[in-house]
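Text of protein_7.cif, listed as mmCIF, C-alpha atoms:
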```
data_entry
#
loop_
_atom_site.label_atom_id
_atom_site.label_comp_id
_atom_site.auth_asym_id
_atom_site.auth_seq_id
_atom_site.Cartn_x
_atom_site.Cartn_y
_atom_site.Cartn_z
CA MET A 1 -52.31 -57.38 -23.22
CA SER A 2 -48.87 -55.94 -23.81
CA GLY A 3 -46.15 -58.41 -24.69
CA ALA A 4 -48.67 -61.17 -25.40
CA PRO A 5 -47.74 -63.61 -28.18
CA THR A 6 -50.39 -64.48 -30.75
CA ARG A 7 -50.45 -68.13 -29.70
CA VAL A 8 -49.41 -69.84 -26.46
CA PHE A 9 -49.16 -73.60 -26.03
CA ILE A 10 -50.50 -74.21 -22.57
CA ALA A 11 -48.37 -77.18 -21.45
CA ARG A 12 -45.30 -74.95 -21.82
CA LEU A 13 -46.66 -72.62 -19.15
CA ALA A 14 -46.36 -75.27 -16.40
CA GLY A 15 -43.86 -74.13 -13.79
CA ILE A 16 -43.29 -70.66 -15.31
CA ALA A 17 -42.66 -67.95 -12.72
CA VAL A 18 -45.38 -65.35 -12.11
CA PHE A 19 -44.28 -61.79 -11.23
CA ASP A 20 -46.05 -58.68 -9.99
CA PRO A 21 -45.42 -55.27 -11.63
CA ALA A 22 -42.53 -54.57 -9.22
CA GLY A 23 -40.68 -57.67 -10.44
CA ASP A 24 -41.25 -59.75 -7.31
CA GLN A 25 -42.06 -63.40 -7.91
CA VAL A 26 -45.35 -64.44 -6.32
CA GLY A 27 -45.54 -68.03 -7.49
CA ARG A 28 -45.50 -70.42 -10.44
CA VAL A 29 -48.11 -71.55 -12.94
CA ARG A 30 -49.67 -74.89 -12.15
CA ASP A 31 -52.46 -75.04 -14.71
CA VAL A 32 -54.84 -73.07 -16.94
CA VAL A 33 -58.59 -72.99 -16.27
CA VAL A 34 -60.87 -73.14 -19.32
CA ALA A 35 -64.62 -73.38 -19.87
CA LEU A 36 -65.76 -75.83 -22.55
CA ARG A 37 -68.60 -74.57 -24.73
CA LEU A 38 -71.00 -76.11 -27.24
CA ALA A 39 -69.29 -77.05 -30.52
CA PRO A 40 -67.95 -75.51 -32.62
CA ARG A 41 -67.30 -72.63 -30.21
CA PRO A 42 -63.76 -72.89 -28.76
CA PRO A 43 -63.24 -73.06 -24.98
CA ARG A 44 -62.82 -69.77 -23.20
CA VAL A 45 -59.74 -69.30 -21.04
CA LEU A 46 -60.76 -68.10 -17.59
CA GLY A 47 -57.41 -67.80 -15.83
CA LEU A 48 -54.34 -69.44 -14.36
CA VAL A 49 -53.93 -71.64 -11.31
CA VAL A 50 -50.88 -70.19 -9.57
CA GLU A 51 -49.05 -71.92 -6.72
CA VAL A 52 -48.00 -69.35 -4.14
CA ALA A 53 -46.49 -69.64 -0.63
CA SER A 54 -47.15 -72.81 1.38
CA ARG A 55 -48.02 -74.63 -1.87
CA ARG A 56 -51.44 -72.98 -1.89
CA ALA A 57 -53.09 -72.76 -5.30
CA VAL A 58 -54.96 -69.54 -6.13
CA PHE A 59 -56.86 -68.31 -9.17
CA LEU A 60 -55.45 -65.51 -11.32
CA PRO A 61 -58.01 -64.20 -13.85
CA ILE A 62 -56.64 -64.07 -17.39
CA THR A 63 -57.88 -60.47 -17.54
CA ARG A 64 -55.20 -59.50 -15.00
CA VAL A 65 -52.31 -61.02 -16.94
CA THR A 66 -50.40 -58.27 -18.73
CA VAL A 67 -47.38 -60.09 -20.17
CA ILE A 68 -46.77 -63.68 -21.25
CA GLU A 69 -43.19 -64.56 -22.14
CA ALA A 70 -41.32 -67.82 -22.58
CA ASP A 71 -39.99 -67.78 -19.02
CA ALA A 72 -42.22 -65.36 -17.13
CA ILE A 73 -45.77 -64.15 -16.67
CA ILE A 74 -46.53 -60.69 -15.30
CA PHE A 75 -49.88 -59.61 -13.90
CA ASP A 76 -51.27 -56.30 -12.70
CA GLY A 77 -50.55 -56.97 -9.02
CA ARG A 78 -54.10 -57.80 -7.89
CA LEU A 79 -54.30 -61.34 -6.55
CA ASN A 80 -57.00 -62.91 -4.41
CA VAL A 81 -55.34 -65.31 -1.96
CA ARG A 82 -58.35 -67.55 -1.47
CA ARG A 83 -57.57 -71.17 -2.29
CA PHE A 84 -58.57 -72.17 -5.82
CA GLN A 85 -61.39 -74.69 -6.10
CA LYS A 86 -62.37 -75.98 -9.51
CA ARG A 87 -66.04 -75.62 -10.35
CA GLY A 88 -68.08 -78.23 -12.15
CA SER A 89 -68.26 -76.21 -15.35
CA GLU A 90 -64.48 -75.73 -15.52
CA THR A 91 -61.69 -77.85 -16.99
CA LEU A 92 -57.99 -77.83 -16.12
CA ALA A 93 -56.16 -77.77 -19.44
CA ILE A 94 -52.96 -79.52 -18.32
CA ALA A 95 -54.39 -81.95 -15.78
CA GLU A 96 -57.48 -83.00 -17.72
CA MET A 97 -57.04 -82.26 -21.44
CA LEU A 98 -53.53 -83.57 -22.15
CA ASP A 99 -53.28 -87.25 -23.13
CA ARG A 100 -56.97 -87.50 -24.01
CA THR A 101 -58.09 -89.56 -26.98
CA VAL A 102 -60.14 -87.44 -29.38
CA ARG A 103 -61.42 -87.98 -32.94
CA PHE A 104 -61.17 -86.05 -36.16
CA ARG A 105 -64.63 -84.88 -37.10
CA ASP A 106 -64.19 -85.62 -40.80
CA ASP A 107 -63.13 -89.28 -40.68
CA GLY A 108 -63.35 -90.39 -37.04
CA GLU A 109 -59.64 -91.20 -36.73
CA GLN A 110 -58.56 -91.37 -33.08
CA VAL A 111 -55.57 -89.26 -32.00
CA SER A 112 -53.92 -88.40 -28.67
CA VAL A 113 -53.78 -84.83 -27.39
CA VAL A 114 -50.23 -83.59 -26.86
CA ASP A 115 -50.99 -79.94 -26.10
CA VAL A 116 -53.58 -77.21 -26.64
CA ALA A 117 -52.93 -73.61 -27.65
CA MET A 118 -54.72 -70.42 -26.64
CA GLU A 119 -54.90 -67.18 -28.58
CA PRO A 120 -56.20 -63.68 -27.73
CA THR A 121 -59.28 -62.29 -29.42
CA ARG A 122 -60.07 -58.75 -30.50
CA THR A 123 -62.13 -58.35 -27.30
CA ARG A 124 -59.06 -59.23 -25.17
CA ASP A 125 -60.52 -62.60 -24.24
CA TRP A 126 -58.45 -65.76 -24.72
CA HIS A 127 -59.79 -68.87 -26.43
CA VAL A 128 -58.34 -72.36 -26.93
CA THR A 129 -58.09 -72.40 -30.72
CA LYS A 130 -55.59 -75.12 -31.60
CA VAL A 131 -54.97 -78.72 -30.58
CA ALA A 132 -51.62 -80.49 -30.99
CA VAL A 133 -52.26 -84.20 -31.54
CA ARG A 134 -50.29 -87.37 -32.25
CA ARG A 135 -51.58 -90.05 -34.58
CA ARG A 136 -52.11 -93.48 -33.03
CA THR A 137 -52.20 -95.42 -36.32
CA GLY A 138 -50.91 -94.90 -39.84
CA ARG A 139 -53.28 -94.29 -42.74
CA GLY A 140 -52.07 -93.99 -46.31
CA LEU A 141 -49.17 -91.58 -46.36
CA ARG A 142 -49.76 -90.67 -42.73
CA LYS A 143 -47.33 -92.18 -40.25
CA ARG A 144 -48.05 -93.63 -36.83
CA GLY A 145 -46.76 -91.20 -34.19
CA GLU A 146 -46.94 -88.23 -36.55
CA SER A 147 -47.69 -84.95 -34.73
CA LEU A 148 -49.71 -82.08 -36.13
CA VAL A 149 -51.59 -78.98 -34.98
CA VAL A 150 -55.24 -78.64 -35.99
CA ASP A 151 -58.07 -76.22 -35.34
CA TRP A 152 -60.17 -76.78 -32.23
CA ASP A 153 -63.30 -77.54 -34.25
CA ALA A 154 -61.45 -80.22 -36.27
CA VAL A 155 -61.65 -82.68 -33.36
CA GLU A 156 -64.30 -83.87 -30.91
CA GLY A 157 -64.33 -85.83 -27.66
CA PHE A 158 -63.09 -83.40 -25.01
CA SER A 159 -66.40 -83.37 -23.13
CA ALA A 160 -66.76 -87.14 -22.83
CA VAL A 161 -65.59 -89.09 -19.79
CA GLU A 162 -62.59 -91.13 -20.88
CA HIS A 163 -61.50 -94.39 -19.32
CA GLY A 164 -57.83 -95.31 -19.51
CA GLN A 165 -56.62 -91.81 -20.30
CA GLY A 166 -52.83 -91.69 -20.39
CA ALA A 167 -50.69 -89.28 -18.39
CA ALA A 168 -47.44 -88.85 -20.33
CA GLY A 169 -48.21 -85.27 -21.32
CA LEU A 170 -49.21 -84.24 -17.81
CA ILE A 171 -46.07 -85.81 -16.34
CA ALA A 172 -43.87 -84.14 -18.95
CA ALA A 173 -45.43 -80.76 -18.14
CA PHE A 174 -44.41 -81.12 -14.49
CA GLU A 175 -41.16 -82.99 -15.04
CA ARG A 176 -39.01 -80.42 -13.22
CA MET A 177 -41.24 -80.16 -10.16
CA LYS A 178 -40.04 -81.30 -6.77
CA PRO A 179 -41.80 -84.42 -5.45
CA ALA A 180 -43.64 -82.46 -2.75
CA ASP A 181 -45.06 -80.04 -5.33
CA LEU A 182 -46.09 -82.82 -7.70
CA ALA A 183 -47.67 -84.65 -4.74
CA ASN A 184 -49.78 -81.57 -4.08
CA ILE A 185 -51.07 -81.67 -7.65
CA VAL A 186 -51.69 -85.44 -7.53
CA HIS A 187 -53.61 -85.03 -4.27
CA GLU A 188 -56.04 -82.59 -5.87
CA LEU A 189 -56.69 -84.63 -9.02
CA PRO A 190 -59.90 -86.68 -9.33
CA GLU A 191 -59.42 -90.30 -8.24
CA LYS A 192 -59.50 -91.60 -11.83
CA ARG A 193 -56.87 -89.10 -13.03
CA ARG A 194 -54.75 -89.65 -9.92
CA THR A 195 -54.57 -93.36 -10.69
CA GLU A 196 -53.65 -92.70 -14.33
CA VAL A 197 -50.80 -90.43 -13.29
CA ALA A 198 -49.54 -92.92 -10.70
CA VAL A 199 -49.52 -95.74 -13.27
CA ALA A 200 -47.59 -93.58 -15.77
CA LEU A 201 -44.88 -92.42 -13.34
CA ASP A 202 -41.73 -94.51 -13.14
CA ASP A 203 -41.06 -96.38 -9.89
CA GLU A 204 -38.50 -93.92 -8.48
CA ARG A 205 -40.60 -90.82 -9.20
CA LEU A 206 -43.78 -92.42 -7.87
CA ALA A 207 -41.94 -93.52 -4.72
CA ASP A 208 -40.79 -89.93 -4.12
CA VAL A 209 -44.33 -88.62 -4.63
CA LEU A 210 -45.91 -91.25 -2.38
CA GLU A 211 -43.59 -90.25 0.45
CA GLU A 212 -45.08 -86.73 0.31
CA LEU A 213 -48.75 -87.75 0.14
CA PRO A 214 -51.25 -88.25 3.00
CA GLU A 215 -51.64 -91.86 4.12
CA ASP A 216 -55.13 -92.24 2.60
CA ASP A 217 -53.79 -91.26 -0.83
CA GLN A 218 -50.82 -93.61 -0.42
CA VAL A 219 -53.04 -96.59 0.39
CA GLU A 220 -55.46 -95.76 -2.43
CA ILE A 221 -52.74 -95.45 -5.07
CA LEU A 222 -50.85 -98.54 -3.92
CA GLY A 223 -54.06 -100.55 -4.15
CA LYS A 224 -54.60 -99.48 -7.77
CA LEU A 225 -51.14 -100.52 -8.97
CA GLY A 226 -51.36 -104.28 -8.73
CA VAL A 227 -49.19 -106.23 -6.31
CA GLU A 228 -46.15 -106.69 -8.58
CA ARG A 229 -45.86 -102.98 -9.38
CA ALA A 230 -46.71 -102.02 -5.78
CA ALA A 231 -43.81 -104.16 -4.52
CA ASP A 232 -41.44 -102.48 -6.99
CA VAL A 233 -42.50 -99.02 -5.81
CA LEU A 234 -42.09 -100.00 -2.16
CA GLU A 235 -38.54 -101.12 -2.96
CA ALA A 236 -37.82 -97.66 -4.37
CA MET A 237 -39.12 -95.91 -1.24
CA GLY A 238 -37.00 -95.27 1.82
CA PRO A 239 -37.32 -98.20 4.24
CA ASP A 240 -38.90 -96.01 6.92
CA ASP A 241 -41.51 -94.59 4.53
CA ALA A 242 -42.23 -98.04 3.12
CA ALA A 243 -42.68 -99.39 6.66
CA ASP A 244 -45.07 -96.55 7.55
CA LEU A 245 -47.16 -97.26 4.45
CA LEU A 246 -47.20 -101.01 4.94
CA GLY A 247 -48.21 -100.45 8.55
CA GLU A 248 -51.49 -98.97 7.26
CA LEU A 249 -52.37 -102.12 5.30
CA PRO A 250 -54.13 -105.30 6.47
CA THR A 251 -51.72 -107.97 7.67
CA GLU A 252 -52.36 -110.35 4.75
CA GLN A 253 -51.80 -107.64 2.12
CA ARG A 254 -48.70 -106.36 3.93
CA GLU A 255 -47.13 -109.81 4.08
CA ARG A 256 -47.87 -110.51 0.41
CA LEU A 257 -46.12 -107.30 -0.65
CA LEU A 258 -43.13 -107.98 1.59
CA THR A 259 -42.82 -111.46 0.06
CA LEU A 260 -42.78 -109.98 -3.45
CA MET A 261 -40.10 -107.42 -2.56
CA GLU A 262 -36.43 -108.27 -3.06
CA PRO A 263 -35.12 -109.87 0.17
CA GLN A 264 -32.43 -107.19 0.66
CA ASP A 265 -35.11 -104.48 0.39
CA ALA A 266 -37.70 -106.26 2.50
CA ALA A 267 -35.34 -107.10 5.39
CA PRO A 268 -34.88 -103.54 6.77
CA VAL A 269 -38.60 -102.85 6.34
CA ARG A 270 -39.46 -105.96 8.34
CA ARG A 271 -37.08 -104.82 11.10
CA LEU A 272 -38.70 -101.41 11.25
CA LEU A 273 -42.17 -102.94 11.51
CA THR A 274 -41.14 -104.68 14.76
CA TYR A 275 -40.78 -101.33 16.57
CA ALA A 276 -43.55 -99.20 18.02
CA ASP A 277 -44.61 -96.31 15.80
CA GLN A 278 -43.80 -93.65 18.39
CA SER A 279 -40.33 -94.98 19.24
CA ALA A 280 -36.87 -94.19 17.91
CA GLY A 281 -36.84 -97.58 16.20
CA GLY A 282 -40.16 -96.86 14.49
CA LEU A 283 -39.00 -93.38 13.42
CA MET A 284 -35.55 -94.22 12.09
CA THR A 285 -34.32 -94.81 8.58
CA THR A 286 -31.99 -97.74 8.06
CA ASP A 287 -30.01 -95.98 5.31
CA PRO A 288 -27.91 -93.25 6.96
CA VAL A 289 -24.45 -92.34 5.65
CA ILE A 290 -22.01 -94.85 7.16
CA VAL A 291 -18.25 -95.06 6.68
CA ALA A 292 -15.52 -97.33 7.99
CA PRO A 293 -12.81 -95.96 10.35
CA ASP A 294 -10.22 -95.93 7.57
CA ALA A 295 -12.33 -93.71 5.29
CA THR A 296 -10.94 -90.26 4.54
CA VAL A 297 -12.61 -86.88 4.88
CA ALA A 298 -12.66 -86.65 1.07
CA GLU A 299 -14.53 -89.96 0.81
CA ALA A 300 -17.06 -88.91 3.46
CA LEU A 301 -17.69 -85.57 1.73
CA ALA A 302 -18.24 -87.36 -1.57
CA LEU A 303 -20.98 -89.45 0.04
CA ILE A 304 -22.89 -86.55 1.57
CA ARG A 305 -22.56 -84.58 -1.67
CA ASN A 306 -25.12 -86.93 -3.25
CA PRO A 307 -27.99 -84.64 -4.44
CA ASP A 308 -30.58 -87.37 -3.83
CA LEU A 309 -29.70 -87.53 -0.15
CA ASN A 310 -32.07 -86.06 2.41
CA PRO A 311 -30.42 -82.85 3.74
CA ALA A 312 -30.87 -84.01 7.33
CA LEU A 313 -29.14 -87.32 6.57
CA ALA A 314 -26.34 -85.47 4.78
CA ALA A 315 -25.58 -83.41 7.89
CA GLN A 316 -23.38 -86.11 9.39
CA VAL A 317 -21.70 -89.46 8.76
CA TYR A 318 -21.63 -92.36 11.19
CA VAL A 319 -18.35 -94.19 11.72
CA CYS A 320 -18.71 -97.95 12.28
CA ARG A 321 -16.56 -101.02 12.03
CA PRO A 322 -17.52 -103.38 9.17
CA PRO A 323 -20.04 -104.34 8.07
CA THR A 324 -21.16 -100.81 7.21
CA ALA A 325 -24.74 -101.80 6.32
CA THR A 326 -27.24 -101.69 9.17
CA PRO A 327 -27.11 -103.36 11.57
CA THR A 328 -23.43 -102.50 11.44
CA GLY A 329 -20.35 -103.55 13.28
CA ARG A 330 -19.48 -101.59 16.40
CA TYR A 331 -20.60 -97.95 16.29
CA LEU A 332 -17.65 -95.60 16.99
CA GLY A 333 -19.27 -92.18 16.75
CA THR A 334 -20.42 -89.36 14.49
CA VAL A 335 -18.65 -86.78 12.33
CA HIS A 336 -20.70 -83.69 11.47
CA PHE A 337 -20.33 -82.19 8.00
CA GLN A 338 -19.02 -78.88 9.42
CA ARG A 339 -16.11 -80.76 10.98
CA LEU A 340 -15.49 -82.51 7.66
CA LEU A 341 -15.27 -79.13 5.93
CA ARG A 342 -12.62 -77.93 8.38
CA GLU A 343 -10.27 -80.89 7.96
CA PRO A 344 -7.75 -81.70 5.17
CA PRO A 345 -9.18 -84.21 2.64
CA PRO A 346 -6.66 -87.01 3.45
CA THR A 347 -7.57 -87.00 7.17
CA LEU A 348 -9.05 -90.26 8.46
CA VAL A 349 -12.55 -89.91 9.92
CA SER A 350 -11.56 -92.11 12.84
CA GLY A 351 -9.31 -89.31 14.04
CA ILE A 352 -12.06 -86.67 14.19
CA VAL A 353 -15.02 -88.74 15.32
CA ASP A 354 -17.27 -87.39 18.11
CA ALA A 355 -17.72 -90.27 20.54
CA GLU A 356 -18.86 -88.27 23.57
CA LEU A 357 -22.55 -87.99 22.72
CA ASP A 358 -24.62 -90.97 23.82
CA PRO A 359 -26.65 -92.41 20.93
CA LEU A 360 -30.41 -92.96 20.87
CA ARG A 361 -31.83 -96.33 21.85
CA PRO A 362 -34.50 -97.94 19.62
CA THR A 363 -37.04 -98.08 22.47
CA MET A 364 -36.81 -94.37 23.33
CA SER A 365 -40.12 -92.51 23.02
CA LEU A 366 -40.89 -89.83 20.46
CA GLU A 367 -40.78 -87.15 23.16
CA ALA A 368 -37.37 -88.34 24.37
CA VAL A 369 -36.01 -88.28 20.81
CA ALA A 370 -37.36 -84.77 20.24
CA MET A 371 -35.78 -83.52 23.49
CA PHE A 372 -32.47 -85.16 22.57
CA LEU A 373 -32.31 -83.41 19.19
CA ALA A 374 -33.41 -80.09 20.68
CA THR A 375 -30.95 -80.28 23.57
CA TYR A 376 -27.91 -80.82 21.35
CA ASN A 377 -29.14 -78.73 18.38
CA LEU A 378 -29.05 -81.72 16.04
CA VAL A 379 -30.97 -82.50 12.87
CA ALA A 380 -30.38 -86.25 13.20
CA GLY A 381 -29.20 -88.79 15.74
CA ALA A 382 -27.75 -92.31 15.62
CA VAL A 383 -29.88 -95.20 16.87
CA VAL A 384 -27.71 -97.92 18.45
CA ASP A 385 -28.73 -101.17 20.13
CA GLU A 386 -27.50 -102.43 23.51
CA THR A 387 -24.60 -104.31 21.93
CA GLY A 388 -23.24 -101.25 20.14
CA HIS A 389 -24.48 -101.85 16.59
CA LEU A 390 -25.84 -98.92 14.56
CA LEU A 391 -29.42 -99.67 13.54
CA GLY A 392 -30.25 -96.43 11.78
CA SER A 393 -30.77 -92.71 12.21
CA VAL A 394 -33.69 -90.53 13.26
CA THR A 395 -33.95 -87.21 11.42
CA ILE A 396 -35.75 -84.08 12.51
CA ASP A 397 -38.26 -84.31 9.64
CA ASP A 398 -39.37 -87.74 10.88
CA VAL A 399 -39.82 -86.34 14.39
CA LEU A 400 -41.86 -83.38 13.15
CA ASP A 401 -43.94 -85.68 10.98
CA HIS A 402 -45.04 -87.57 14.09
CA LEU A 403 -45.31 -84.58 16.43
CA LEU A 404 -47.69 -82.75 14.11
CA PRO A 405 -51.37 -83.79 13.97
CA GLU A 406 -52.02 -86.95 11.95
CA ASP A 407 -53.77 -85.02 9.19
CA TRP A 408 -51.14 -82.29 8.89
CA ARG A 409 -50.37 -83.17 5.26
CA GLU A 410 -54.04 -82.89 4.30
CA THR A 411 -54.28 -79.64 6.24
CA ALA A 412 -51.22 -78.21 4.50
CA MET A 413 -52.54 -79.25 1.09
CA GLU A 414 -56.06 -78.00 1.70
CA ALA A 415 -55.33 -74.92 3.79
CA SER A 416 -56.94 -71.76 2.50
CA ALA A 417 -56.19 -68.20 3.48
CA GLU A 418 -58.85 -65.77 4.65
CA GLY A 419 -60.17 -63.76 1.76
CA SER A 420 -63.37 -62.31 0.43
CA ALA A 421 -64.96 -63.04 -2.91
CA ASP A 422 -63.35 -61.29 -5.86
CA PRO A 423 -66.04 -59.54 -7.97
CA GLU A 424 -63.94 -59.69 -11.15
CA GLU A 425 -63.19 -63.36 -10.64
CA GLU A 426 -66.85 -64.16 -9.91
CA ALA A 427 -67.96 -62.25 -12.99
CA LEU A 428 -65.47 -64.12 -15.16
CA ARG A 429 -66.06 -67.60 -13.76
CA GLY A 430 -69.78 -67.03 -13.29
CA THR A 431 -70.26 -66.79 -17.03
CA THR A 432 -69.46 -70.50 -17.33
#
```
Would you mind writing the file's structure down as structure tokens?
Amino acid sequence: MSGAPTRVFIARLAGIAVFDPAGDQVGRVRDVVVALRLAPRPPRVLGLVVEVASRRAVFLPITRVTVIEADAIIFDGRLNVRRFQKRGSETLAIAEMLDRTVRFRDDGEQVSVVDVAMEPTRTRDWHVTKVAVRRRTGRGLRKRGESLVVDWDAVEGFSAVEHGQGAAGLIAAFERMKPADLANIVHELPEKRRTEVAVALDDERLADVLEELPEDDQVEILGKLGVERAADVLEAMGPDDAADLLGELPTEQRERLLTLMEPQDAAPVRRLLTYADQSAGGLMTTDPVIVAPDATVAEALALIRNPDLNPALAAQVYVCRPPTATPTGRYLGTVHFQRLLREPPPTLVSGIVDAELDPLRPTMSLEAVAMFLATYNLVAGAVVDETGHLLGSVTIDDVLDHLLPEDWRETAMEASAEGSADPEEEALRGTT
């Protein structure tokens, strides 16, 4: 393998771009597939799990990788687009080996796995030869938390089923991933590992991931957190997503979680739960961008510049008399971000507001909302009650979410492309 380093720590490969010989990026590394063997033989590296278009994961045999660099992997251009499915004899190095508790063979001391390293052999195979570990206790001159790299055969315990395995290393490996991509990985993890990852994620990150997961996964994970933690995560979710998730729970469990949530977070969720699922009220978020009439264009632009804001919500601001939290004072109209970009920063939004377009009503059906957005080429629309108060905003992603089949997230995550068996892949993976 040209350009191959003598040792590669696998966790550092997570998210690295994968290129074909022409220099075109085809995807990013998600994990490394290895085959554990009887001690003291080191695991054999079979290949990479690469995420390509539509978040589909495919298998790239290690024999087709020609270059491994710090920020790029290049392969020979041959890639089978069939969806990767882990076989029973295979182990995912990042998802399943990091954070494990293993023991030194010589004295039985327990240590945590931080990373594993692979190295090429003279036969052009790759083996996992090193293990980076962190000490859990101090012994003699050894310090608690001390990290060191040892030979593979110096430790044991990778083949045993571990209960209570941590997830810090796995989370760190995918720290830069977008929530939707991390959700795809979480969805494909075994139930035990999925729970461990969910427990280790902080509330904000877990909330973002939950919003991208199928409903069955959401309910399963929420049920494993414990009610106090579950309430905290629900508070971190968008009110509309939290309402959708709570709507899937039994009434008693739903009410208990709402009671544990902070009143200011629970109130909008309770309001959303009063509307029918397929109505504008059931689709809307209660946290659109709202400004008072005396706000300037500069102030409005500063609000929609927030990188954490949904792009559809950032496409416009709603002008309302105080209070500016939903339900607001009287709704005056909308200012689209393109209009904001055309006006001098000191201009008052009240002078450029679009008041001609009738707003959505909370009882309007899903079909009526979809036709409204399509007719006026909008990505979001204001939802206003009969007395003129802004209740929230319906965005195009919420509409699509409900127009698509109920299992569209599962279908997107599990979709596989047509493709025949790859003889080289079968020969490589068949040896396990």
Counting all atoms listed in the file, which residues come within 9 Å of (-53.3, -60.0, -7.8), with the point read in the file's coordinates, and could you list them as an mmCIF file with C-alpha atoms, in the coordinates of the input?
```cif
data_model
loop_
_atom_site.group_PDB
_atom_site.id
_atom_site.type_symbol
_atom_site.label_atom_id
_atom_site.label_comp_id
_atom_site.auth_asym_id
_atom_site.auth_seq_id
_atom_site.Cartn_x
_atom_site.Cartn_y
_atom_site.Cartn_z
ATOM 1 C CA ASP A 20 -46.050 -58.680 -9.990
ATOM 2 C CA LEU A 60 -55.450 -65.510 -11.320
ATOM 3 C CA PRO A 61 -58.010 -64.200 -13.850
ATOM 4 C CA ARG A 64 -55.200 -59.500 -15.000
ATOM 5 C CA PHE A 75 -49.880 -59.610 -13.900
ATOM 6 C CA ASP A 76 -51.270 -56.300 -12.700
ATOM 7 C CA GLY A 77 -50.550 -56.970 -9.020
ATOM 8 C CA ARG A 78 -54.100 -57.800 -7.890
ATOM 9 C CA LEU A 79 -54.300 -61.340 -6.550
ATOM 10 C CA ASN A 80 -57.000 -62.910 -4.410
ATOM 11 C CA VAL A 81 -55.340 -65.310 -1.960
#
```
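From atom CA of Ser350 of chain A back to atom CA of Val289 of chain A, the distance works out to 14.8 Å.
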Non-local contacts of Ala198 of chain A (8 Å; all atoms listed in the file; under 6 positions in same chain excluded) as JSON, numbers by chain = {"A": [206, 221, 225]}
Find the residues near Asp106 of chain A: any atom within 10 Å, counting only C-alpha atoms, skip ones fewer than 3 places away on the same chain, and give them as an MDAnalysis selection string.
-> chainID A and resid 103 109 154:155
Please write the residues picked by the PyMOL selection byres ((chain A and resi 62) around 10) on this file as a PyMOL selection string.
-> chain A and resi 1+32-33+45-48+59-61+63-66+75+124-126+425+428
I'd like the contact shell of Leu360 of chain A - 12 Å cut-off, all atoms listed in the file, skipping same-chain residues fewer than 4 positions apart - returned as a PDB file with C-alpha atoms, in the frame of the given file.
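The result, written out as out-v9.pdb:
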```pdb
ATOM      1  CA  SER A 279     -40.330 -94.980  19.240  1.00  0.00           C
ATOM      2  CA  ALA A 280     -36.870 -94.190  17.910  1.00  0.00           C
ATOM      3  CA  GLY A 281     -36.840 -97.580  16.200  1.00  0.00           C
ATOM      4  CA  LEU A 283     -39.000 -93.380  13.420  1.00  0.00           C
ATOM      5  CA  MET A 284     -35.550 -94.220  12.090  1.00  0.00           C
ATOM      6  CA  TYR A 331     -20.600 -97.950  16.290  1.00  0.00           C
ATOM      7  CA  GLY A 333     -19.270 -92.180  16.750  1.00  0.00           C
ATOM      8  CA  MET A 364     -36.810 -94.370  23.330  1.00  0.00           C
ATOM      9  CA  SER A 365     -40.120 -92.510  23.020  1.00  0.00           C
ATOM     10  CA  LEU A 366     -40.890 -89.830  20.460  1.00  0.00           C
ATOM     11  CA  ALA A 368     -37.370 -88.340  24.370  1.00  0.00           C
ATOM     12  CA  VAL A 369     -36.010 -88.280  20.810  1.00  0.00           C
ATOM     13  CA  ALA A 370     -37.360 -84.770  20.240  1.00  0.00           C
ATOM     14  CA  MET A 371     -35.780 -83.520  23.490  1.00  0.00           C
ATOM     15  CA  PHE A 372     -32.470 -85.160  22.570  1.00  0.00           C
ATOM     16  CA  LEU A 373     -32.310 -83.410  19.190  1.00  0.00           C
ATOM     17  CA  ALA A 380     -30.380 -86.250  13.200  1.00  0.00           C
ATOM     18  CA  GLY A 381     -29.200 -88.790  15.740  1.00  0.00           C
ATOM     19  CA  ALA A 382     -27.750 -92.310  15.620  1.00  0.00           C
ATOM     20  CA  VAL A 383     -29.880 -95.200  16.870  1.00  0.00           C
ATOM     21  CA  VAL A 384     -27.710 -97.920  18.450  1.00  0.00           C
ATOM     22  CA  ASP A 385     -28.730-101.170  20.130  1.00  0.00           C
ATOM     23  CA  GLU A 386     -27.500-102.430  23.510  1.00  0.00           C
ATOM     24  CA  GLY A 388     -23.240-101.250  20.140  1.00  0.00           C
ATOM     25  CA  HIS A 389     -24.480-101.850  16.590  1.00  0.00           C
ATOM     26  CA  LEU A 390     -25.840 -98.920  14.560  1.00  0.00           C
ATOM     27  CA  LEU A 391     -29.420 -99.670  13.540  1.00  0.00           C
ATOM     28  CA  GLY A 392     -30.250 -96.430  11.780  1.00  0.00           C
ATOM     29  CA  SER A 393     -30.770 -92.710  12.210  1.00  0.00           C
ATOM     30  CA  VAL A 394     -33.690 -90.530  13.260  1.00  0.00           C
ATOM     31  CA  THR A 395     -33.950 -87.210  11.420  1.00  0.00           C
TER      32      THR A 395
END
```
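Of the residues under consideration (A:Asp308, A:Glu255, A:Glu262, A:Glu211), A:Glu211 shows the shortest atom-to-atom contact distance to Asp241 of chain A when counting all atoms listed in the file.
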Test item: residues at most 9 Å from segment 170-178 of chain A, all atoms listed in the file, excluding those fewer than 4 positions along its chain, as a PyMOL selection string = chain A and resi 11-15+30+94-99+166+182-183+197+200-201+209
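Nearest to Arg229 of chain A of all the residues A:Ala427, A:Val50, A:Leu378, A:Met261 is A:Met261, counting only C-alpha atoms.
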List the spatial neighbours of segment 352-358 of chain A as a CSV table (one decimal) with C-alpha atoms, keeping the file's coordinate frame - criterion: any atom at most 8 Å away, only C-alpha atoms, same-chain residues fewer than 6 positions off excluded.
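As written to disk, around.csv reads:
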```csv
chain,number,residue,atom,x,y,z
A,319,VAL,CA,-18.4,-94.2,11.7
A,332,LEU,CA,-17.6,-95.6,17.0
A,333,GLY,CA,-19.3,-92.2,16.8
A,334,THR,CA,-20.4,-89.4,14.5
A,335,VAL,CA,-18.6,-86.8,12.3
A,339,ARG,CA,-16.1,-80.8,11.0
```
